[in-house]
Amino acid sequence: MNSAIQDDYTDEQADVITVNAKAKNLLYNAISREEYEKISRCETAKEMWDKLEVTFEGTNKVKETRINLLVRGYELFQMKDGESVEEMFSRFSKILGDLKSFGRPIWSGEQVRKILKSLPTIWQPKVIALECQDLDKMSYNELRGDLIAFEKTHLDRQIQQEKKNIVAFKATVAKPKNEKEEEGGEQD
């Protein structure tokens with residue numbers, strides 16, 4: 001600042017201007033060119049931050065809607081047909097991460113219970129065995145490892161056995177014969 005302008009400000013005001021300029025500079029350096037266009041006319045770093053926050057997180061109403069959708073996705077979560085344990089845990093982890101980023105973390109014991117409830121009936125023997133343990137002491141990663149091991153050993157064998165037991169019959173369709181054809185007559 002030149003000395004004529006500097007004399008017009010108190011030390012406190014000069015500090016505020018300096019801090020604002022540094023914050024604005026940090027924000028400018030942290031964003032892309034497209035994002036820069038959105039905030040380039042802002043006067044203060046706070047104004048820039050608020051505009052970026054609405055751009056990336058949305059308004060409070062948008063945030064609440066996203067949270068509600070995530071909670072619904074969590075509540076309705078089920079293992080899909082043909083999905084591996086790894087794929088299921090990947091989908092579930094994404095939901096958990098998104099919920100946590102919106103300030104709605106799910107504690108480990110609840111995560112373990114939710115995963116066990118989401119498994120199809122073919123997993124029932126394993127679920128029953130796991131529910132005999134203290135689920136509050138079981139970590140998310142312990143459960144993941146346990147289910148992967150069970151999938152590799154028991155379920156793969158069971159699925160192969162079920163495939164062997166399937167008997168297929170070839171279907172044929174019999175075409176009805178026209179009475180005139182049987183008698184050697186002409187067809188209309």
# chains A, B, ... in the order shown; residues from 1 in each chain; ligands from 1
call {"tool": "select_by_dssp", "arguments": {"residues": "region 2-81 of chain A", "states": "helix (DSSP H, G or I)", "output": "compact mmCIF listing (two decimals) with N, CA, C and O atoms, in the first residue's frame"}}
result
# COMPACT_ATOMS: atom_id res chain seq x y z
N SER A 3 1.82 5.06 1.14
CA SER A 3 1.72 5.64 2.47
C SER A 3 0.52 6.57 2.64
O SER A 3 -0.02 6.69 3.72
N ALA A 4 0.04 7.22 1.57
CA ALA A 4 -1.12 8.11 1.68
C ALA A 4 -2.38 7.31 2.01
O ALA A 4 -3.17 7.72 2.84
N ILE A 5 -2.55 6.17 1.36
CA ILE A 5 -3.71 5.31 1.63
C ILE A 5 -3.55 4.63 2.99
O ILE A 5 -4.50 4.50 3.74
N GLN A 6 -2.34 4.23 3.31
CA GLN A 6 -2.07 3.53 4.55
C GLN A 6 -2.41 4.41 5.76
O GLN A 6 -2.87 3.91 6.77
N ASP A 11 -4.41 0.36 12.17
CA ASP A 11 -3.64 -0.89 12.07
C ASP A 11 -4.59 -2.09 11.97
O ASP A 11 -4.32 -3.04 11.21
N GLU A 12 -5.68 -2.05 12.69
CA GLU A 12 -6.65 -3.15 12.66
C GLU A 12 -7.29 -3.27 11.28
O GLU A 12 -7.43 -4.37 10.75
N GLN A 13 -7.66 -2.16 10.68
CA GLN A 13 -8.26 -2.18 9.35
C GLN A 13 -7.26 -2.67 8.30
O GLN A 13 -7.62 -3.42 7.40
N ALA A 14 -6.02 -2.25 8.43
CA ALA A 14 -4.97 -2.69 7.50
C ALA A 14 -4.76 -4.20 7.61
O ALA A 14 -4.58 -4.89 6.60
N ASP A 15 -4.81 -4.72 8.84
CA ASP A 15 -4.67 -6.17 9.04
C ASP A 15 -5.83 -6.93 8.39
O ASP A 15 -5.63 -7.97 7.76
N VAL A 16 -7.04 -6.40 8.53
CA VAL A 16 -8.22 -7.04 7.93
C VAL A 16 -8.08 -7.05 6.40
O VAL A 16 -8.35 -8.07 5.75
N ILE A 17 -7.65 -5.96 5.83
CA ILE A 17 -7.47 -5.87 4.37
C ILE A 17 -6.40 -6.86 3.92
O ILE A 17 -6.57 -7.56 2.91
N THR A 18 -5.32 -6.97 4.67
CA THR A 18 -4.24 -7.89 4.32
C THR A 18 -4.70 -9.34 4.39
O THR A 18 -4.46 -10.14 3.47
N VAL A 19 -5.40 -9.69 5.46
CA VAL A 19 -5.90 -11.06 5.63
C VAL A 19 -6.90 -11.38 4.52
O VAL A 19 -6.87 -12.48 3.93
N ASN A 20 -7.78 -10.46 4.18
CA ASN A 20 -8.76 -10.67 3.11
C ASN A 20 -8.05 -10.90 1.78
O ASN A 20 -8.41 -11.79 1.02
N ALA A 21 -7.03 -10.10 1.50
CA ALA A 21 -6.28 -10.24 0.24
C ALA A 21 -5.59 -11.60 0.17
O ALA A 21 -5.59 -12.25 -0.88
N LYS A 22 -5.01 -12.05 1.28
CA LYS A 22 -4.35 -13.36 1.30
C LYS A 22 -5.37 -14.49 1.10
O LYS A 22 -5.12 -15.43 0.35
N ALA A 23 -6.52 -14.36 1.76
CA ALA A 23 -7.56 -15.40 1.63
C ALA A 23 -8.08 -15.45 0.20
O ALA A 23 -8.28 -16.53 -0.36
N LYS A 24 -8.31 -14.29 -0.40
CA LYS A 24 -8.77 -14.25 -1.78
C LYS A 24 -7.74 -14.89 -2.71
O LYS A 24 -8.09 -15.66 -3.60
N ASN A 25 -6.48 -14.58 -2.48
CA ASN A 25 -5.41 -15.15 -3.29
C ASN A 25 -5.38 -16.68 -3.16
O ASN A 25 -5.23 -17.39 -4.16
N LEU A 26 -5.53 -17.19 -1.95
CA LEU A 26 -5.57 -18.64 -1.75
C LEU A 26 -6.74 -19.27 -2.50
O LEU A 26 -6.58 -20.31 -3.14
N LEU A 27 -7.90 -18.65 -2.42
CA LEU A 27 -9.07 -19.18 -3.13
C LEU A 27 -8.87 -19.15 -4.64
O LEU A 27 -9.18 -20.12 -5.33
N TYR A 28 -8.32 -18.06 -5.16
CA TYR A 28 -8.07 -17.97 -6.60
C TYR A 28 -7.12 -19.08 -7.06
O TYR A 28 -7.29 -19.65 -8.13
N ASN A 29 -6.12 -19.38 -6.24
CA ASN A 29 -5.13 -20.39 -6.62
C ASN A 29 -5.66 -21.82 -6.46
O ASN A 29 -5.08 -22.75 -7.02
N ALA A 30 -6.74 -22.00 -5.72
CA ALA A 30 -7.25 -23.35 -5.44
C ALA A 30 -8.36 -23.78 -6.38
O ALA A 30 -8.82 -24.92 -6.30
N ARG A 33 -10.41 -22.43 -13.73
CA ARG A 33 -10.74 -21.21 -14.49
C ARG A 33 -12.25 -20.97 -14.53
O ARG A 33 -12.70 -19.84 -14.39
N GLU A 34 -13.03 -22.04 -14.71
CA GLU A 34 -14.49 -21.90 -14.74
C GLU A 34 -15.03 -21.40 -13.41
O GLU A 34 -15.92 -20.57 -13.36
N GLU A 35 -14.48 -21.93 -12.33
CA GLU A 35 -14.92 -21.51 -11.00
C GLU A 35 -14.49 -20.07 -10.73
O GLU A 35 -15.21 -19.32 -10.06
N TYR A 36 -13.33 -19.70 -11.24
CA TYR A 36 -12.84 -18.33 -11.07
C TYR A 36 -13.84 -17.33 -11.65
O TYR A 36 -14.11 -16.29 -11.05
N GLU A 37 -14.41 -17.67 -12.79
CA GLU A 37 -15.38 -16.77 -13.43
C GLU A 37 -16.59 -16.52 -12.51
O GLU A 37 -17.17 -15.44 -12.53
N LYS A 38 -16.94 -17.49 -11.73
CA LYS A 38 -18.11 -17.36 -10.85
C LYS A 38 -17.85 -16.40 -9.68
O LYS A 38 -18.79 -15.79 -9.17
N ILE A 39 -16.59 -16.31 -9.24
CA ILE A 39 -16.31 -15.53 -8.04
C ILE A 39 -15.42 -14.32 -8.28
O ILE A 39 -15.09 -13.60 -7.34
N ALA A 45 -13.24 -12.31 0.62
CA ALA A 45 -13.01 -13.75 0.63
C ALA A 45 -14.25 -14.47 1.15
O ALA A 45 -14.61 -15.54 0.67
N LYS A 46 -14.94 -13.89 2.11
CA LYS A 46 -16.16 -14.49 2.67
C LYS A 46 -17.23 -14.60 1.59
O LYS A 46 -17.90 -15.63 1.46
N GLU A 47 -17.39 -13.56 0.80
CA GLU A 47 -18.36 -13.57 -0.29
C GLU A 47 -18.00 -14.66 -1.31
O GLU A 47 -18.86 -15.40 -1.80
N MET A 48 -16.71 -14.78 -1.62
CA MET A 48 -16.23 -15.81 -2.55
C MET A 48 -16.55 -17.20 -1.99
O MET A 48 -17.04 -18.07 -2.70
N TRP A 49 -16.23 -17.39 -0.71
CA TRP A 49 -16.45 -18.68 -0.06
C TRP A 49 -17.92 -19.06 -0.09
O TRP A 49 -18.28 -20.20 -0.41
N ASP A 50 -18.79 -18.11 0.24
CA ASP A 50 -20.23 -18.39 0.27
C ASP A 50 -20.73 -18.79 -1.12
O ASP A 50 -21.54 -19.71 -1.26
N LYS A 51 -20.24 -18.12 -2.14
CA LYS A 51 -20.67 -18.43 -3.51
C LYS A 51 -20.18 -19.83 -3.92
O LYS A 51 -20.92 -20.61 -4.53
N LEU A 52 -18.94 -20.17 -3.57
CA LEU A 52 -18.41 -21.50 -3.87
C LEU A 52 -19.15 -22.58 -3.09
O LEU A 52 -19.42 -23.67 -3.61
N GLU A 53 -19.51 -22.27 -1.86
CA GLU A 53 -20.23 -23.24 -1.03
C GLU A 53 -21.59 -23.58 -1.66
O GLU A 53 -21.97 -24.74 -1.74
N VAL A 54 -22.31 -22.57 -2.11
CA VAL A 54 -23.61 -22.81 -2.75
C VAL A 54 -23.40 -23.58 -4.05
O VAL A 54 -24.17 -24.50 -4.37
N THR A 55 -22.34 -23.26 -4.79
CA THR A 55 -22.06 -23.94 -6.05
C THR A 55 -21.80 -25.43 -5.84
O THR A 55 -22.31 -26.27 -6.57
N PHE A 56 -21.01 -25.77 -4.82
CA PHE A 56 -20.61 -27.17 -4.65
C PHE A 56 -21.48 -27.95 -3.69
O PHE A 56 -21.66 -29.15 -3.86
N GLU A 57 -22.02 -27.32 -2.67
CA GLU A 57 -22.83 -28.05 -1.71
C GLU A 57 -24.31 -27.75 -1.86
O GLU A 57 -25.15 -28.50 -1.41
N ASN A 60 -29.14 -24.82 1.80
CA ASN A 60 -29.52 -25.71 2.89
C ASN A 60 -30.61 -26.68 2.47
O ASN A 60 -30.61 -27.84 2.87
N LYS A 61 -31.53 -26.22 1.64
CA LYS A 61 -32.62 -27.09 1.17
C LYS A 61 -32.06 -28.22 0.30
O LYS A 61 -32.46 -29.37 0.41
N VAL A 62 -31.11 -27.88 -0.57
CA VAL A 62 -30.48 -28.89 -1.43
C VAL A 62 -29.70 -29.89 -0.57
O VAL A 62 -29.77 -31.10 -0.79
N LYS A 63 -28.96 -29.38 0.42
CA LYS A 63 -28.21 -30.27 1.32
C LYS A 63 -29.14 -31.24 2.04
O LYS A 63 -28.86 -32.43 2.13
N GLU A 64 -30.25 -30.70 2.55
CA GLU A 64 -31.20 -31.54 3.28
C GLU A 64 -31.78 -32.62 2.36
O GLU A 64 -31.95 -33.76 2.77
N THR A 65 -32.06 -32.26 1.12
CA THR A 65 -32.58 -33.23 0.15
C THR A 65 -31.55 -34.32 -0.11
O THR A 65 -31.88 -35.51 -0.14
N ARG A 66 -30.29 -33.92 -0.29
CA ARG A 66 -29.22 -34.91 -0.50
C ARG A 66 -29.09 -35.84 0.69
O ARG A 66 -28.94 -37.05 0.53
N ILE A 67 -29.13 -35.28 1.88
CA ILE A 67 -29.02 -36.09 3.10
C ILE A 67 -30.18 -37.08 3.15
O ILE A 67 -29.98 -38.27 3.43
N ASN A 68 -31.39 -36.62 2.87
CA ASN A 68 -32.56 -37.51 2.90
C ASN A 68 -32.42 -38.65 1.89
O ASN A 68 -32.77 -39.79 2.19
N LEU A 69 -31.91 -38.34 0.70
CA LEU A 69 -31.71 -39.38 -0.31
C LEU A 69 -30.65 -40.39 0.15
O LEU A 69 -30.79 -41.60 -0.06
N LEU A 70 -29.58 -39.89 0.76
CA LEU A 70 -28.53 -40.79 1.26
C LEU A 70 -29.06 -41.68 2.38
O LEU A 70 -28.76 -42.88 2.42
N VAL A 71 -29.81 -41.09 3.30
CA VAL A 71 -30.38 -41.87 4.40
C VAL A 71 -31.32 -42.94 3.85
O VAL A 71 -31.29 -44.10 4.28
N ARG A 72 -32.12 -42.58 2.86
CA ARG A 72 -33.02 -43.56 2.23
C ARG A 72 -32.23 -44.67 1.55
O ARG A 72 -32.56 -45.85 1.67
N GLY A 73 -31.15 -44.29 0.85
CA GLY A 73 -30.28 -45.29 0.22
C GLY A 73 -29.67 -46.22 1.24
O GLY A 73 -29.55 -47.42 1.02
N TYR A 74 -29.30 -45.67 2.39
CA TYR A 74 -28.75 -46.48 3.48
C TYR A 74 -29.81 -47.43 4.02
O TYR A 74 -29.56 -48.62 4.20
N GLU A 75 -30.99 -46.90 4.28
CA GLU A 75 -32.06 -47.73 4.86
C GLU A 75 -32.50 -48.85 3.93
O GLU A 75 -32.83 -49.95 4.38
call {"tool": "residues_around", "arguments": {"residues": "Lys117 (chain A)", "least_positions_apart": "2", "cutoff": "12 Å", "atoms": "only C-alpha atoms", "output": "PyMOL selection string"}}
result
chain A and resi 74-79+110-115+119-121+123-124+126-128+130-131
call {"tool": "write_last_selection", "arguments": {"atoms": "N, CA and C atoms", "output": "PDB file, in the first residue's frame"}}
result
ATOM      1  N   TYR A  74     -29.301 -45.669   2.392  1.00  0.00           N
ATOM      2  CA  TYR A  74     -28.746 -46.478   3.483  1.00  0.00           C
ATOM      3  C   TYR A  74     -29.809 -47.432   4.024  1.00  0.00           C
ATOM      4  N   GLU A  75     -30.989 -46.904   4.284  1.00  0.00           N
ATOM      5  CA  GLU A  75     -32.062 -47.726   4.861  1.00  0.00           C
ATOM      6  C   GLU A  75     -32.504 -48.854   3.932  1.00  0.00           C
ATOM      7  N   LEU A  76     -32.524 -48.601   2.632  1.00  0.00           N
ATOM      8  CA  LEU A  76     -32.989 -49.606   1.668  1.00  0.00           C
ATOM      9  C   LEU A  76     -31.850 -50.462   1.112  1.00  0.00           C
ATOM     10  N   PHE A  77     -30.657 -50.277   1.603  1.00  0.00           N
ATOM     11  CA  PHE A  77     -29.494 -50.970   1.060  1.00  0.00           C
ATOM     12  C   PHE A  77     -29.665 -52.483   1.149  1.00  0.00           C
ATOM     13  N   GLN A  78     -29.406 -53.163   0.037  1.00  0.00           N
ATOM     14  CA  GLN A  78     -29.438 -54.623  -0.053  1.00  0.00           C
ATOM     15  C   GLN A  78     -28.325 -55.088  -0.979  1.00  0.00           C
ATOM     16  N   MET A  79     -27.828 -56.284  -0.737  1.00  0.00           N
ATOM     17  CA  MET A  79     -26.869 -56.887  -1.660  1.00  0.00           C
ATOM     18  C   MET A  79     -27.623 -57.255  -2.934  1.00  0.00           C
ATOM     19  N   GLU A 110     -23.663 -50.180  14.066  1.00  0.00           N
ATOM     20  CA  GLU A 110     -24.843 -50.048  13.200  1.00  0.00           C
ATOM     21  C   GLU A 110     -24.514 -50.457  11.766  1.00  0.00           C
ATOM     22  N   GLN A 111     -23.308 -50.131  11.315  1.00  0.00           N
ATOM     23  CA  GLN A 111     -22.871 -50.521   9.968  1.00  0.00           C
ATOM     24  C   GLN A 111     -22.857 -52.041   9.845  1.00  0.00           C
ATOM     25  N   VAL A 112     -22.304 -52.708  10.840  1.00  0.00           N
ATOM     26  CA  VAL A 112     -22.208 -54.173  10.838  1.00  0.00           C
ATOM     27  C   VAL A 112     -23.607 -54.784  10.783  1.00  0.00           C
ATOM     28  N   ARG A 113     -24.504 -54.281  11.611  1.00  0.00           N
ATOM     29  CA  ARG A 113     -25.875 -54.807  11.621  1.00  0.00           C
ATOM     30  C   ARG A 113     -26.572 -54.581  10.278  1.00  0.00           C
ATOM     31  N   LYS A 114     -26.377 -53.423   9.692  1.00  0.00           N
ATOM     32  CA  LYS A 114     -27.004 -53.102   8.410  1.00  0.00           C
ATOM     33  C   LYS A 114     -26.516 -54.040   7.312  1.00  0.00           C
ATOM     34  N   ILE A 115     -25.208 -54.292   7.272  1.00  0.00           N
ATOM     35  CA  ILE A 115     -24.658 -55.214   6.271  1.00  0.00           C
ATOM     36  C   ILE A 115     -25.265 -56.603   6.455  1.00  0.00           C
ATOM     37  N   LEU A 119     -27.903 -58.937   3.505  1.00  0.00           N
ATOM     38  CA  LEU A 119     -27.476 -60.143   2.806  1.00  0.00           C
ATOM     39  C   LEU A 119     -28.665 -61.022   2.418  1.00  0.00           C
ATOM     40  N   PRO A 120     -28.601 -61.671   1.259  1.00  0.00           N
ATOM     41  CA  PRO A 120     -29.696 -62.556   0.838  1.00  0.00           C
ATOM     42  C   PRO A 120     -29.751 -63.828   1.689  1.00  0.00           C
ATOM     43  N   THR A 121     -30.817 -64.602   1.518  1.00  0.00           N
ATOM     44  CA  THR A 121     -31.053 -65.784   2.364  1.00  0.00           C
ATOM     45  C   THR A 121     -29.958 -66.848   2.245  1.00  0.00           C
ATOM     46  N   TRP A 123     -27.005 -66.464   2.576  1.00  0.00           N
ATOM     47  CA  TRP A 123     -26.008 -66.111   3.581  1.00  0.00           C
ATOM     48  C   TRP A 123     -26.498 -66.392   5.006  1.00  0.00           C
ATOM     49  N   GLN A 124     -27.718 -66.862   5.175  1.00  0.00           N
ATOM     50  CA  GLN A 124     -28.332 -66.994   6.489  1.00  0.00           C
ATOM     51  C   GLN A 124     -27.490 -67.778   7.503  1.00  0.00           C
ATOM     52  N   LYS A 126     -24.290 -67.995   7.806  1.00  0.00           N
ATOM     53  CA  LYS A 126     -23.187 -67.132   8.237  1.00  0.00           C
ATOM     54  C   LYS A 126     -23.703 -65.989   9.097  1.00  0.00           C
ATOM     55  N   VAL A 127     -24.831 -65.403   8.714  1.00  0.00           N
ATOM     56  CA  VAL A 127     -25.416 -64.299   9.483  1.00  0.00           C
ATOM     57  C   VAL A 127     -25.738 -64.763  10.889  1.00  0.00           C
ATOM     58  N   ILE A 128     -26.345 -65.935  11.019  1.00  0.00           N
ATOM     59  CA  ILE A 128     -26.700 -66.473  12.334  1.00  0.00           C
ATOM     60  C   ILE A 128     -25.443 -66.685  13.172  1.00  0.00           C
ATOM     61  N   LEU A 130     -22.588 -65.120  12.938  1.00  0.00           N
ATOM     62  CA  LEU A 130     -22.027 -63.824  13.305  1.00  0.00           C
ATOM     63  C   LEU A 130     -22.862 -63.120  14.373  1.00  0.00           C
ATOM     64  N   GLU A 131     -24.175 -63.294  14.320  1.00  0.00           N
ATOM     65  CA  GLU A 131     -25.046 -62.639  15.295  1.00  0.00           C
ATOM     66  C   GLU A 131     -24.887 -63.220  16.697  1.00  0.00           C
TER      67      GLU A 131
END
call {"tool": "atom_distance", "arguments": {"atom1": "CA of Ser90 (chain A)", "atom2": "CA of Arg104 (chain A)"}}
result
18.5 Å
call {"tool": "closest_residue", "arguments": {"among": "A:Gly97, A:Asp8, A:Leu116, A:Trp107", "to": "Leu143 (chain A)", "atoms": "only C-alpha atoms"}}
result
A:Leu116
call {"tool": "residues_around", "arguments": {"residues": "Arg144 (chain A)", "least_positions_apart": "5", "cutoff": "8 Å", "atoms": "only C-alpha atoms", "output": "PDB file with N, CA, C and O atoms, in the first residue's frame"}}
result
ATOM      1  N   VAL A  85     -19.058 -59.661  -2.479  1.00  0.00           N
ATOM      2  CA  VAL A  85     -18.941 -58.950  -1.199  1.00  0.00           C
ATOM      3  C   VAL A  85     -18.158 -57.650  -1.405  1.00  0.00           C
ATOM      4  O   VAL A  85     -18.534 -56.601  -0.881  1.00  0.00           O
ATOM      5  N   GLU A  86     -17.083 -57.711  -2.191  1.00  0.00           N
ATOM      6  CA  GLU A  86     -16.269 -56.517  -2.455  1.00  0.00           C
ATOM      7  C   GLU A  86     -17.098 -55.425  -3.115  1.00  0.00           C
ATOM      8  O   GLU A  86     -17.018 -54.254  -2.735  1.00  0.00           O
ATOM      9  N   PHE A  89     -19.584 -53.975  -0.529  1.00  0.00           N
ATOM     10  CA  PHE A  89     -18.918 -53.107   0.443  1.00  0.00           C
ATOM     11  C   PHE A  89     -18.476 -51.799  -0.203  1.00  0.00           C
ATOM     12  O   PHE A  89     -18.494 -50.750   0.443  1.00  0.00           O
TER      13      PHE A  89
END
